[in-house]
$ cat data-v3.cif   # mmCIF, C-alpha atoms (C1' of nucleotides)
data_my_file
#
loop_
_atom_site.label_atom_id
_atom_site.label_comp_id
_atom_site.auth_asym_id
_atom_site.auth_seq_id
_atom_site.Cartn_x
_atom_site.Cartn_y
_atom_site.Cartn_z
CA MET A 1 0.00 0.00 0.00
CA VAL A 2 2.72 2.45 0.90
CA SER A 3 5.69 2.60 -1.42
CA GLU A 4 9.34 2.68 -0.45
CA LYS A 5 9.47 6.39 -1.14
CA GLN A 6 6.56 6.95 1.17
CA LYS A 7 8.17 4.95 3.94
CA ASN A 8 11.26 6.97 3.25
CA ILE A 9 9.37 10.22 3.67
CA LEU A 10 7.65 9.04 6.83
CA ASN A 11 10.98 8.06 8.27
CA PHE A 12 12.49 11.41 7.36
CA ILE A 13 9.64 13.23 9.05
CA ASN A 14 10.05 11.11 12.15
CA ILE A 15 13.76 11.74 12.40
CA PHE A 16 13.32 15.43 11.67
CA ILE A 17 10.77 15.84 14.43
CA GLU A 18 12.89 13.81 16.79
CA LYS A 19 15.84 16.04 16.07
CA ASN A 20 14.24 19.47 15.80
CA GLY A 21 11.10 19.27 17.84
CA PHE A 22 8.92 20.39 14.97
CA ALA A 23 7.91 18.96 11.62
CA PRO A 24 9.70 19.70 8.35
CA SER A 25 8.23 21.91 5.65
CA VAL A 26 7.29 20.43 2.30
CA ARG A 27 10.44 21.82 0.77
CA GLU A 28 12.61 20.46 3.53
CA ILE A 29 11.13 17.05 2.85
CA CYS A 30 12.00 17.59 -0.81
CA GLN A 31 15.62 17.99 0.10
CA GLY A 32 15.61 15.27 2.70
CA VAL A 33 14.37 12.56 0.38
CA SER A 34 15.90 13.84 -2.86
CA LEU A 35 12.84 15.04 -4.66
CA LYS A 36 12.82 18.15 -6.80
CA SER A 37 9.18 19.07 -6.79
CA THR A 38 7.04 20.10 -3.88
CA SER A 39 4.01 18.65 -5.59
CA THR A 40 5.64 15.23 -5.61
CA VAL A 41 5.99 15.44 -1.88
CA GLN A 42 2.42 16.66 -1.67
CA TYR A 43 1.40 13.61 -3.63
CA HIS A 44 3.15 11.24 -1.25
CA LEU A 45 1.87 13.03 1.81
CA GLU A 46 -1.66 12.49 0.54
CA LYS A 47 -0.93 8.79 0.21
CA LEU A 48 0.45 8.60 3.71
CA ILE A 49 -2.58 10.39 5.07
CA GLN A 50 -4.90 8.02 3.23
CA SER A 51 -3.00 5.14 4.76
CA GLY A 52 -3.58 6.64 8.16
CA LEU A 53 0.10 6.92 8.91
CA LEU A 54 0.20 10.69 8.90
CA GLN A 55 -1.96 13.63 9.83
CA LYS A 56 -1.92 17.07 8.36
CA ASN A 57 -3.65 20.36 8.97
CA TYR A 58 -4.84 22.12 5.87
CA LYS A 59 -2.82 25.20 5.03
CA LYS A 60 -0.93 25.18 8.30
CA SER A 61 2.83 25.20 8.16
CA ARG A 62 4.76 22.29 9.57
CA ALA A 63 1.52 20.87 10.89
CA LEU A 64 2.38 17.23 10.33
CA THR A 65 1.90 14.66 13.03
CA VAL A 66 2.98 11.09 12.70
CA ASN A 67 0.58 8.48 13.95
CA ASN A 68 2.89 6.48 16.09
CA GLN A 69 1.25 5.44 19.25
CA LEU A 70 4.60 3.80 19.67
CA SER A 71 5.63 6.53 22.00
CA ASN A 72 6.78 4.91 25.16
CA LYS A 73 4.66 4.86 28.19
CA LYS A 74 5.18 4.59 31.87
CA ILE A 75 4.30 1.27 33.40
CA PRO A 76 3.83 0.64 37.09
CA ILE A 77 6.34 -1.12 39.27
CA LEU A 78 4.72 -3.40 41.81
CA GLY A 79 6.54 -3.89 45.04
CA GLU A 80 5.27 -7.17 46.34
CA ILE A 81 2.60 -9.27 44.83
CA ALA A 82 -0.45 -8.83 46.96
CA ALA A 83 -2.75 -11.64 47.88
CA GLY A 84 -5.75 -12.32 45.72
CA SER A 85 -6.35 -10.79 42.36
CA LEU A 86 -5.93 -7.15 43.27
CA LEU A 87 -2.62 -7.33 41.63
CA MET A 88 -2.63 -3.90 40.15
CA ALA A 89 -4.01 -2.14 43.18
CA GLU A 90 -2.46 1.26 43.56
CA GLU A 91 -1.23 0.53 47.04
CA ASN A 92 1.26 -1.85 45.55
CA VAL A 93 2.70 0.52 43.01
CA ILE A 94 6.07 1.62 44.26
CA GLY A 95 7.10 3.54 41.18
CA THR A 96 7.01 3.68 37.43
CA VAL A 97 9.47 2.85 34.73
CA ASN A 98 9.59 4.04 31.17
CA TYR A 99 9.31 1.25 28.73
CA PRO A 100 9.85 1.31 24.98
CA ASN A 101 7.29 0.97 22.25
CA THR A 102 4.87 -1.87 22.35
CA ASP A 103 1.58 -2.50 20.68
CA GLU A 104 0.07 -3.76 23.90
CA LYS A 105 -2.02 -1.24 25.70
CA SER A 106 -1.74 -1.37 29.42
CA ASP A 107 -1.17 -5.01 30.09
CA LEU A 108 2.39 -4.49 31.18
CA PHE A 109 3.82 -3.97 34.60
CA ALA A 110 7.17 -4.31 36.25
CA LEU A 111 8.18 -6.40 39.19
CA SER A 112 11.30 -6.18 41.27
CA VAL A 113 12.97 -9.55 41.50
CA SER A 114 13.52 -11.00 44.94
CA GLY A 115 15.62 -14.06 45.53
CA ASP A 116 18.13 -15.84 43.37
CA SER A 117 16.10 -18.71 41.99
CA MET A 118 16.72 -17.57 38.40
CA ILE A 119 20.35 -16.61 38.83
CA ASP A 120 21.58 -19.03 36.19
CA GLU A 121 19.41 -17.27 33.65
CA GLY A 122 21.06 -13.99 34.53
CA ILE A 123 18.08 -12.72 36.45
CA HIS A 124 19.38 -11.14 39.63
CA GLU A 125 17.85 -9.90 42.82
CA LYS A 126 16.66 -6.29 42.45
CA ASP A 127 16.39 -6.66 38.67
CA LEU A 128 13.20 -5.29 37.19
CA VAL A 129 11.27 -7.78 35.10
CA ILE A 130 8.61 -6.53 32.72
CA ILE A 131 5.57 -8.73 32.72
CA ASN A 132 2.77 -8.93 30.19
CA LYS A 133 -0.20 -10.17 32.12
CA ASN A 134 -2.19 -10.83 28.98
CA GLN A 135 0.39 -12.96 27.28
CA GLN A 136 0.12 -16.67 27.83
CA ILE A 137 3.07 -18.45 29.40
CA LYS A 138 4.04 -21.32 27.17
CA ASN A 139 6.31 -24.26 27.68
CA GLY A 140 9.87 -23.01 28.09
CA ASP A 141 8.88 -19.43 28.80
CA ILE A 142 9.83 -17.51 31.86
CA GLY A 143 6.76 -16.36 33.72
CA ALA A 144 5.61 -14.72 36.91
CA PHE A 145 3.48 -16.86 39.19
CA LEU A 146 1.58 -16.43 42.38
CA ILE A 147 1.97 -19.26 44.87
CA ASN A 148 -0.66 -19.85 47.54
CA ASN A 149 -2.14 -16.45 46.82
CA SER A 150 0.70 -14.83 48.65
CA GLU A 151 4.16 -15.35 47.28
CA GLY A 152 5.18 -14.11 43.86
CA THR A 153 7.96 -15.75 41.92
CA ILE A 154 9.69 -15.85 38.57
CA LYS A 155 10.25 -19.28 37.08
CA PHE A 156 10.51 -21.28 33.91
CA LEU A 157 7.34 -23.07 32.96
CA LYS A 158 8.28 -26.51 31.67
CA ASN A 159 6.50 -29.62 30.60
CA ILE A 160 8.20 -32.67 32.05
CA GLN A 161 6.71 -36.04 31.25
CA GLY A 162 3.30 -34.60 30.66
CA LYS A 163 3.23 -32.59 33.83
CA GLN A 164 3.83 -28.88 34.23
CA TYR A 165 6.46 -27.57 36.60
CA LEU A 166 7.83 -24.25 37.70
CA VAL A 167 11.53 -24.73 37.15
CA PRO A 168 14.11 -22.45 38.76
CA ALA A 169 17.43 -21.59 37.16
CA ASN A 170 19.40 -22.45 40.24
CA LYS A 171 20.66 -25.88 41.23
CA ASN A 172 19.93 -25.16 44.88
CA TYR A 173 16.20 -25.03 44.32
CA ASP A 174 13.76 -27.71 43.34
CA LYS A 175 11.14 -27.56 40.69
CA ILE A 176 7.56 -27.06 41.82
CA PRO A 177 4.66 -29.01 40.33
CA VAL A 178 1.90 -26.80 39.01
CA ASN A 179 -1.35 -27.28 40.90
CA GLU A 180 -4.33 -25.27 42.00
CA ASN A 181 -2.11 -23.24 44.35
CA ILE A 182 -0.10 -21.92 41.44
CA GLN A 183 -1.63 -19.00 39.61
CA PRO A 184 0.02 -17.62 36.47
CA ILE A 185 0.41 -13.87 36.42
CA GLY A 186 2.00 -13.23 33.08
CA LYS A 187 4.92 -13.76 30.79
CA VAL A 188 8.24 -12.10 31.47
CA VAL A 189 8.99 -10.11 28.34
CA SER A 190 11.90 -7.95 29.36
CA LEU A 191 14.52 -7.33 31.99
CA ILE A 192 15.96 -4.07 33.23
CA ARG A 193 18.92 -3.83 35.54
CA ASP A 194 20.36 -0.61 36.87
CA MET A 195 23.88 -0.65 38.25
CA MET B 1 12.32 37.91 35.29
CA VAL B 2 9.44 36.48 33.33
CA SER B 3 6.15 38.29 33.61
CA GLU B 4 2.74 36.76 34.10
CA LYS B 5 1.94 37.32 30.45
CA GLN B 6 5.05 35.47 29.47
CA LYS B 7 4.23 32.54 31.70
CA ASN B 8 0.80 32.68 30.18
CA ILE B 9 2.23 32.48 26.69
CA LEU B 10 4.58 29.65 27.58
CA ASN B 11 1.71 27.74 29.07
CA PHE B 12 -0.41 28.33 25.99
CA ILE B 13 2.38 27.04 23.76
CA ASN B 14 2.78 23.96 25.91
CA ILE B 15 -0.88 23.13 25.87
CA PHE B 16 -1.13 23.82 22.16
CA ILE B 17 1.73 21.48 21.37
CA GLU B 18 0.33 18.85 23.70
CA LYS B 19 -3.00 19.04 21.96
CA ASN B 20 -2.01 19.48 18.33
CA GLY B 21 1.41 17.96 18.03
CA PHE B 22 2.92 21.13 16.60
CA ALA B 23 3.59 24.62 17.84
CA PRO B 24 1.22 27.56 17.37
CA SER B 25 1.92 30.41 14.96
CA VAL B 26 2.51 33.90 16.27
CA ARG B 27 -1.02 34.90 15.35
CA GLU B 28 -2.49 31.86 17.03
CA ILE B 29 -0.65 32.85 20.18
CA CYS B 30 -2.16 36.32 19.76
CA GLN B 31 -5.62 34.86 19.91
CA GLY B 32 -4.77 32.35 22.60
CA VAL B 33 -3.54 34.91 25.10
CA SER B 34 -5.74 37.83 24.05
CA LEU B 35 -3.21 40.06 22.40
CA LYS B 36 -4.01 42.08 19.33
CA SER B 37 -0.58 42.60 17.86
CA THR B 38 1.84 40.05 16.52
CA SER B 39 4.73 42.25 17.50
CA THR B 40 3.65 42.11 21.11
CA VAL B 41 3.84 38.36 20.96
CA GLN B 42 7.18 38.66 19.22
CA TYR B 43 8.32 40.85 22.08
CA HIS B 44 7.33 38.29 24.70
CA LEU B 45 8.80 35.41 22.74
CA GLU B 46 12.12 37.23 22.75
CA LYS B 47 11.92 37.53 26.50
CA LEU B 48 11.15 33.87 26.91
CA ILE B 49 14.05 32.94 24.68
CA GLN B 50 16.38 35.18 26.67
CA SER B 51 15.21 33.44 29.81
CA GLY B 52 16.11 30.14 28.23
CA LEU B 53 12.59 28.80 28.53
CA LEU B 54 11.92 28.71 24.83
CA GLN B 55 13.73 28.04 21.61
CA LYS B 56 12.93 29.39 18.21
CA ASN B 57 14.24 28.96 14.69
CA TYR B 58 14.66 32.17 12.77
CA LYS B 59 12.09 32.60 10.01
CA LYS B 60 10.76 29.09 10.34
CA SER B 61 7.07 28.65 10.91
CA ARG B 62 5.84 27.04 14.09
CA ALA B 63 9.42 26.27 15.00
CA LEU B 64 9.04 26.79 18.72
CA THR B 65 10.31 24.25 21.17
CA VAL B 66 9.77 24.45 24.88
CA ASN B 67 12.74 23.63 27.03
CA ASN B 68 11.39 20.95 29.27
CA GLN B 69 14.06 18.33 29.41
CA LEU B 70 11.80 16.26 31.59
CA SER B 71 10.79 14.14 28.69
CA ASN B 72 12.68 10.93 28.39
CA LYS B 73 14.96 10.65 25.47
CA LYS B 74 15.92 8.15 22.92
CA ILE B 75 19.50 7.02 23.04
CA PRO B 76 21.33 5.49 20.11
CA ILE B 77 22.15 1.84 19.83
CA LEU B 78 25.56 1.24 18.35
CA GLY B 79 26.02 -1.89 16.35
CA GLU B 80 29.70 -2.53 16.54
CA ILE B 81 32.29 -0.33 18.09
CA ALA B 82 34.12 1.34 15.28
CA ALA B 83 37.85 1.84 15.28
CA GLY B 84 39.25 5.06 16.59
CA SER B 85 37.24 7.67 18.36
CA LEU B 86 34.38 7.95 15.91
CA LEU B 87 32.35 6.02 18.34
CA MET B 88 29.15 7.90 17.91
CA ALA B 89 29.36 8.16 14.16
CA GLU B 90 25.93 7.90 12.65
CA GLU B 91 26.89 5.00 10.46
CA ASN B 92 27.14 2.85 13.53
CA VAL B 93 23.74 3.65 14.91
CA ILE B 94 21.52 0.67 14.29
CA GLY B 95 18.54 1.89 16.23
CA THR B 96 17.36 3.74 19.27
CA VAL B 97 16.01 2.72 22.61
CA ASN B 98 13.90 4.71 24.99
CA TYR B 99 15.55 5.27 28.27
CA PRO B 100 14.12 6.92 31.36
CA ASN B 101 14.87 10.40 32.57
CA THR B 102 18.36 11.16 33.61
CA ASP B 103 20.13 14.36 34.33
CA GLU B 104 22.90 13.45 31.97
CA LYS B 105 22.62 15.12 28.64
CA SER B 106 23.61 12.95 25.75
CA ASP B 107 26.40 10.91 27.23
CA LEU B 108 24.45 7.70 27.09
CA PHE B 109 24.32 5.10 24.39
CA ALA B 110 23.41 1.47 24.13
CA LEU B 111 25.47 -1.44 22.95
CA SER B 112 24.32 -4.88 21.98
CA VAL B 113 26.31 -7.48 23.88
CA SER B 114 28.23 -10.02 21.86
CA GLY B 115 29.85 -13.04 23.42
CA ASP B 116 29.42 -14.66 26.78
CA SER B 117 32.37 -13.31 28.74
CA MET B 118 30.07 -11.78 31.35
CA ILE B 119 27.61 -14.63 31.56
CA ASP B 120 28.20 -15.21 35.26
CA GLU B 121 27.10 -11.66 35.92
CA GLY B 122 23.88 -12.34 34.10
CA ILE B 123 24.88 -10.37 31.04
CA HIS B 124 23.87 -12.40 28.05
CA GLU B 125 24.54 -12.23 24.36
CA LYS B 126 22.09 -9.87 22.63
CA ASP B 127 21.41 -8.01 25.87
CA LEU B 128 21.46 -4.25 25.54
CA VAL B 129 23.84 -2.50 27.91
CA ILE B 130 23.43 1.21 28.52
CA ILE B 131 26.76 2.97 28.73
CA ASN B 132 27.57 6.37 30.14
CA LYS B 133 30.65 7.48 28.29
CA ASN B 134 31.25 10.35 30.66
CA GLN B 135 31.18 8.35 33.83
CA GLN B 136 34.48 7.06 35.09
CA ILE B 137 34.90 3.33 35.45
CA LYS B 138 36.07 2.62 38.97
CA ASN B 139 37.48 -0.46 40.60
CA GLY B 140 34.82 -3.14 40.63
CA ASP B 141 32.62 -1.47 38.05
CA ILE B 142 31.51 -3.04 34.83
CA GLY B 143 32.65 -1.00 31.88
CA ALA B 144 32.85 -1.00 28.13
CA PHE B 145 36.33 -1.05 26.66
CA LEU B 146 37.88 -0.82 23.27
CA ILE B 147 40.73 -3.26 22.66
CA ASN B 148 43.33 -2.53 20.00
CA ASN B 149 41.08 0.14 18.56
CA SER B 150 38.88 -2.47 17.05
CA GLU B 151 37.14 -4.85 19.39
CA GLY B 152 34.60 -3.67 21.92
CA THR B 153 34.01 -5.61 25.10
CA ILE B 154 32.21 -5.51 28.43
CA LYS B 155 34.27 -6.41 31.47
CA PHE B 156 34.83 -5.81 35.14
CA LEU B 157 37.59 -3.36 35.91
CA LYS B 158 39.51 -4.67 38.90
CA ASN B 159 42.60 -3.77 40.80
CA ILE B 160 44.66 -6.87 41.55
CA GLN B 161 47.89 -6.39 43.44
CA GLY B 162 48.26 -2.85 42.29
CA LYS B 163 47.65 -3.60 38.64
CA GLN B 164 44.44 -3.03 36.70
CA TYR B 165 42.76 -5.85 34.82
CA LEU B 166 39.71 -6.37 32.67
CA VAL B 167 38.11 -9.30 34.38
CA PRO B 168 35.45 -11.41 32.66
CA ALA B 169 32.63 -13.10 34.50
CA ASN B 170 33.25 -16.44 32.88
CA LYS B 171 35.70 -19.09 34.06
CA ASN B 172 36.58 -19.95 30.49
CA TYR B 173 38.16 -16.56 29.84
CA ASP B 174 41.27 -15.02 31.29
CA LYS B 175 41.65 -11.56 32.72
CA ILE B 176 43.37 -9.00 30.51
CA PRO B 177 45.96 -6.60 31.90
CA VAL B 178 45.15 -2.99 31.16
CA ASN B 179 47.73 -1.38 28.92
CA GLU B 180 47.89 1.19 26.17
CA ASN B 181 45.85 -1.03 23.90
CA ILE B 182 42.89 -0.86 26.23
CA GLN B 183 40.74 2.20 25.90
CA PRO B 184 37.87 2.80 28.32
CA ILE B 185 34.61 3.76 26.67
CA GLY B 186 32.31 4.25 29.59
CA LYS B 187 30.61 2.72 32.55
CA VAL B 188 27.81 0.25 32.11
CA VAL B 189 24.88 1.75 33.99
CA SER B 190 22.00 -0.41 32.94
CA LEU B 191 20.96 -3.57 31.21
CA ILE B 192 17.95 -4.28 29.07
CA ARG B 193 16.94 -7.71 27.88
CA ASP B 194 14.00 -8.49 25.67
CA MET B 195 12.72 -12.02 25.57
"C1'" DT C 1 1.46 -3.61 -28.29
"C1'" DT C 2 -2.08 -0.37 -25.82
"C1'" DT C 3 -4.00 1.22 -21.58
"C1'" DT C 4 -3.87 2.27 -17.04
"C1'" DT C 5 -1.71 3.52 -12.90
"C1'" DA C 6 2.05 5.39 -10.24
"C1'" DT C 7 5.55 8.76 -9.86
"C1'" DT C 8 8.04 12.96 -10.82
"C1'" DC C 9 8.69 17.64 -12.29
"C1'" DG C 10 8.17 22.70 -13.07
"C1'" DA C 11 5.99 26.77 -12.62
"C1'" DA C 12 2.78 29.77 -10.74
"C1'" DC C 13 -0.39 31.18 -7.07
"C1'" DA C 14 -2.41 32.58 -2.65
"C1'" DT C 15 -1.54 33.31 1.82
"C1'" DA C 16 0.05 32.02 6.22
"C1'" DT C 17 3.70 33.51 8.89
"C1'" DG C 18 7.79 35.62 10.90
"C1'" DT C 19 9.81 40.07 11.14
"C1'" DA C 20 10.73 45.16 11.41
"C1'" DC C 21 9.45 49.82 12.39
"C1'" DT C 22 7.05 53.49 14.78
"C1'" DA C 23 4.09 55.08 18.09
"C1'" DA C 24 1.12 54.98 22.11
"C1'" DT C 25 0.19 53.67 26.74
"C1'" DA C 26 1.01 51.93 31.03
"C1'" DT C 27 4.05 50.99 34.98
"C1'" DA C 28 7.82 51.60 37.56
"C1'" DT C 29 11.93 54.37 39.16
"C1'" DA C 30 14.61 58.55 40.28
"C1'" DT D 1 7.48 65.88 38.93
"C1'" DA D 2 10.47 63.91 35.19
"C1'" DT D 3 12.71 59.72 33.32
"C1'" DA D 4 13.23 55.21 32.27
"C1'" DT D 5 11.36 50.66 31.49
"C1'" DA D 6 7.79 47.46 30.25
"C1'" DT D 7 3.91 46.43 27.51
"C1'" DT D 8 0.65 46.87 23.74
"C1'" DA D 9 -0.87 48.16 19.19
"C1'" DG D 10 -0.95 49.10 14.20
"C1'" DT D 11 0.91 48.79 9.81
"C1'" DA D 12 3.68 47.21 6.36
"C1'" DC D 13 6.97 44.02 4.33
"C1'" DA D 14 9.44 39.91 2.68
"C1'" DT D 15 9.15 35.34 2.15
"C1'" DA D 16 8.48 30.83 3.74
"C1'" DT D 17 5.09 27.56 2.83
"C1'" DG D 18 1.08 24.91 1.42
"C1'" DT D 19 -1.50 24.34 -2.69
"C1'" DT D 20 -2.99 23.79 -7.53
"C1'" DC D 21 -2.54 22.73 -12.42
"C1'" DG D 22 -0.62 20.65 -16.41
"C1'" DA D 23 2.47 17.72 -18.41
"C1'" DA D 24 6.18 14.35 -18.79
"C1'" DT D 25 8.03 10.02 -17.50
"C1'" DA D 26 8.21 5.43 -15.53
"C1'" DA D 27 6.12 1.23 -14.22
"C1'" DA D 28 2.54 -2.05 -14.27
"C1'" DA D 29 -1.50 -4.25 -16.21
"C1'" DA D 30 -4.45 -5.72 -19.94
#
$ encode --input "data-v3.cif" --output "structure tokens"
Amino acid sequence: MVSEKQKNILNFINIFIEKNGFAPSVREICQGVSLKSTSTVQYHLEKLIQSGLLQKNYKKSRALTVNNQLSNKKIPILGEIAAGSLLMAEENVIGTVNYPNTDEKSDLFALSVSGDSMIDEGIHEKDLVIINKNQQIKNGDIGAFLINNSEGTIKFLKNIQGKQYLVPANKNYDKIPVNENIQPIGKVVSLIRDM
Amino acid sequence: MVSEKQKNILNFINIFIEKNGFAPSVREICQGVSLKSTSTVQYHLEKLIQSGLLQKNYKKSRALTVNNQLSNKKIPILGEIAAGSLLMAEENVIGTVNYPNTDEKSDLFALSVSGDSMIDEGIHEKDLVIINKNQQIKNGDIGAFLINNSEGTIKFLKNIQGKQYLVPANKNYDKIPVNENIQPIGKVVSLIRDM
DNA sequence: TTTTTATTCGAACATATGTACTAATATATA
DNA sequence: TATATATTAGTACATATGTTCGAATAAAAA
């Protein structure tokens, strides 16, 4: 639907805004993408608008806005996992962290890692794990789980001989069979460590 | 230093940008703050610029940017560390990553980890390490170093019996004595891993 | 091939927009 | 009071900028 040139223009606009804080003029786009006619740019801008990738205000200068909802958002950091399902209750939010672009809406949150049960996977105490609570934890994934409605933990989810286990990445800990006391919270999608 | 009217104008600009995605024209500011002359607005804009609260590009339309550095910035991701000092050369930038607010200006960049020499510290291949190139690497810190002007690496910096070494976190690698072939790049301040 | 569609260009136009100049009025300062 | 400083207004100007129109060229489809 959108040609290479149009992607090129959109990218130029993005970078220009990023760099200057305001959108380029039609003629600046001309230069930026090696086109000699303003009407050619106009033509491509129309296409981009039709594709919903760009917005423009009629007759206003530099009034281009790029439709990237990819701007990064703040996601909450939960201190300890509270009992029950009131996981996202505000009382538990101990801070926020900026997290890069994602298509997901607000199904992300961060959790501070406690313990060393995943140390062999390079997940340390105090690390911040980003969890998508609406993404299913599949075999082999690292997920966050709630045990006995009280204790939160990060573990591998693994199928062993037809049964599911929470498997730590630390020889000193044993795997835990998944039963009704184990409640999945979400998949670990990212890790942030400040030093 | 700045009058009420000027604060008023600055506020109007902020809200306008927030709402529309681009800055208002001089005449739109006129309307927005109930002034009848463009030159009056011009006069106040000058004041705001002198106070360092606003930036403007000469003769460019809607080219106002408000100086609130409270927004979090994108920092470049460098693919491979290039030889010499052209570290931040644009050719090497393979992307950007959003990184939370910091007081530092633009002394941060990200580097994709290659190799497993820091595996015991939980720094994996493909992890993104955030590096502050203006922060000194002290004894015990993890830093990024350039070896022989060609190869980039992440290591501990450690003082052992009065001599400095780059120490890996992997039993399979040896420590490297620091000499003139080792060039410090910056301190590793954060780690990001996507899974 | 012919026909259609996509892309590019050039030139001209209308005006939105930043800027400069002068003057008037208010507000503060001596 | 007189003098200086801050603020507002009006007008005019130059041009930066979005827009339109027609035509040429390239690429794709029939």
$ interface_residues --input "data-v3.cif" --of "chain D" --to "chain B" --cutoff "12 Å" --atoms "all atoms listed in the file" --output "short mmCIF file (atom, residue, chain, number, x, y, z; two decimals) with C-alpha atoms (C1' of nucleotides), in the frame of the given file"
data_model
loop_
_atom_site.label_atom_id
_atom_site.label_comp_id
_atom_site.auth_asym_id
_atom_site.auth_seq_id
_atom_site.Cartn_x
_atom_site.Cartn_y
_atom_site.Cartn_z
"C1'" DA D 6 7.79 47.46 30.25
"C1'" DT D 7 3.91 46.43 27.51
"C1'" DT D 8 0.65 46.87 23.74
"C1'" DA D 9 -0.87 48.16 19.19
"C1'" DG D 10 -0.95 49.10 14.20
"C1'" DT D 11 0.91 48.79 9.81
"C1'" DA D 14 9.44 39.91 2.68
"C1'" DT D 15 9.15 35.34 2.15
"C1'" DA D 16 8.48 30.83 3.74
"C1'" DT D 17 5.09 27.56 2.83
"C1'" DG D 18 1.08 24.91 1.42
#
$ residues_near_point --input "data-v3.cif" --point "(0.3, 2.6, 5.6)" --cutoff "10 Å" --atoms "all atoms listed in the file" --output "list in words"
Met1, Val2, Ser3, Gln6, Lys7, Leu10, Lys47, Leu48, Ile49, Gln50, Ser51, Gly52, Leu53 and Leu54 of chain A
$ atom_distance --input "data-v3.cif" --atom1 "CA of Ile185 in chain B" --atom2 "CA of Lys133 in chain B"
5.7 Å
$ resolve_selection --input "data-v3.cif" --expression "the PyMOL selection byres ((chain B) within 8 of (chain A))" --output "number ranges by chain"
B: 21-23, 61-65, 97-100, 119-124, 188-195
$ interface_residues --input "data-v3.cif" --of "chain C" --to "chain B" --cutoff "12 Å" --atoms "all atoms listed in the file" --output "list of chain:residue names"
C:DA16, C:DT17, C:DG18, C:DT19, C:DA20, C:DC21, C:DT22
$ resolve_selection --input "data-v3.cif" --expression "the PyMOL selection byres ((chain C and resi 2) around 12)" --output "PyMOL selection string"
(chain C and resi 1+3-4) or (chain D and resi 29-30)
$ resolve_selection --input "data-v3.cif" --expression "the PyMOL selection byres ((chain A and resi 33) around 9)" --output "list in words"
Lys5, Asn8, Ile9, Phe12, Glu28, Ile29, Cys30, Gln31, Gly32, Ser34 and Leu35 of chain A
$ write_last_selection --input "data-v3.cif" --atoms "C-alpha atoms" --output "PDB file, keeping the file's coordinate frame"
ATOM      1  CA  LYS A   5       9.470   6.390  -1.140  1.00  0.00           C
ATOM      2  CA  ASN A   8      11.260   6.970   3.250  1.00  0.00           C
ATOM      3  CA  ILE A   9       9.370  10.220   3.670  1.00  0.00           C
ATOM      4  CA  PHE A  12      12.490  11.410   7.360  1.00  0.00           C
ATOM      5  CA  GLU A  28      12.610  20.460   3.530  1.00  0.00           C
ATOM      6  CA  ILE A  29      11.130  17.050   2.850  1.00  0.00           C
ATOM      7  CA  CYS A  30      12.000  17.590  -0.810  1.00  0.00           C
ATOM      8  CA  GLN A  31      15.620  17.990   0.100  1.00  0.00           C
ATOM      9  CA  GLY A  32      15.610  15.270   2.700  1.00  0.00           C
ATOM     10  CA  SER A  34      15.900  13.840  -2.860  1.00  0.00           C
ATOM     11  CA  LEU A  35      12.840  15.040  -4.660  1.00  0.00           C
TER      12      LEU A  35
END
$ residues_around --input "data-v3.cif" --residues "Tyr165 in chain B" --least-positions-apart "3" --cutoff "12 Å" --atoms "only C-alpha atoms (C1' of nucleotides)" --output "PyMOL selection string"
chain B and resi 138-143+145+155-162+168+174-179+182+184
$ atom_distance --input "data-v3.cif" --atom1 "CA of Lys171 in chain B" --atom2 "CA of Asp116 in chain B"
10.6 Å
$ atom_distance --input "data-v3.cif" --atom1 "CA of Glu125 in chain B" --atom2 "CA of Lys163 in chain B"
28.5 Å
$ axis_aligned_box --input "data-v3.cif" --around "range 51-54 of chain B" --padding-each-side "4 Å" --output "JSON"
{"center_x": 14.0, "center_y": 31.1, "center_z": 27.3, "size_x": 12.2, "size_y": 12.7, "size_z": 13.0}
$ decode --input "data-v3.cif" --residues "range 18-25 of chain B" --atoms "N, CA and C atoms" --output "mmCIF file, in the first residue's frame"
data_model
loop_
_atom_site.group_PDB
_atom_site.id
_atom_site.type_symbol
_atom_site.label_atom_id
_atom_site.label_comp_id
_atom_site.auth_asym_id
_atom_site.auth_seq_id
_atom_site.Cartn_x
_atom_site.Cartn_y
_atom_site.Cartn_z
ATOM 1 N N GLU B 18 0.861 20.086 23.116
ATOM 2 C CA GLU B 18 0.329 18.846 23.698
ATOM 3 C C GLU B 18 -0.899 18.385 22.931
ATOM 4 N N LYS B 19 -1.723 19.358 22.586
ATOM 5 C CA LYS B 19 -2.998 19.044 21.965
ATOM 6 C C LYS B 19 -2.862 18.756 20.474
ATOM 7 N N ASN B 20 -2.056 19.563 19.780
ATOM 8 C CA ASN B 20 -2.007 19.482 18.329
ATOM 9 C C ASN B 20 -0.803 18.746 17.767
ATOM 10 N N GLY B 21 0.227 18.645 18.545
ATOM 11 C CA GLY B 21 1.410 17.964 18.035
ATOM 12 C C GLY B 21 2.374 18.887 17.327
ATOM 13 N N PHE B 22 2.000 20.147 17.192
ATOM 14 C CA PHE B 22 2.918 21.134 16.603
ATOM 15 C C PHE B 22 2.680 22.470 17.280
ATOM 16 N N ALA B 23 3.638 23.351 17.128
ATOM 17 C CA ALA B 23 3.588 24.618 17.845
ATOM 18 C C ALA B 23 2.636 25.608 17.177
ATOM 19 N N PRO B 24 2.119 26.552 17.935
ATOM 20 C CA PRO B 24 1.223 27.562 17.367
ATOM 21 C C PRO B 24 1.998 28.618 16.582
ATOM 22 N N SER B 25 1.318 29.268 15.666
ATOM 23 C CA SER B 25 1.917 30.407 14.959
ATOM 24 C C SER B 25 1.812 31.635 15.863
#
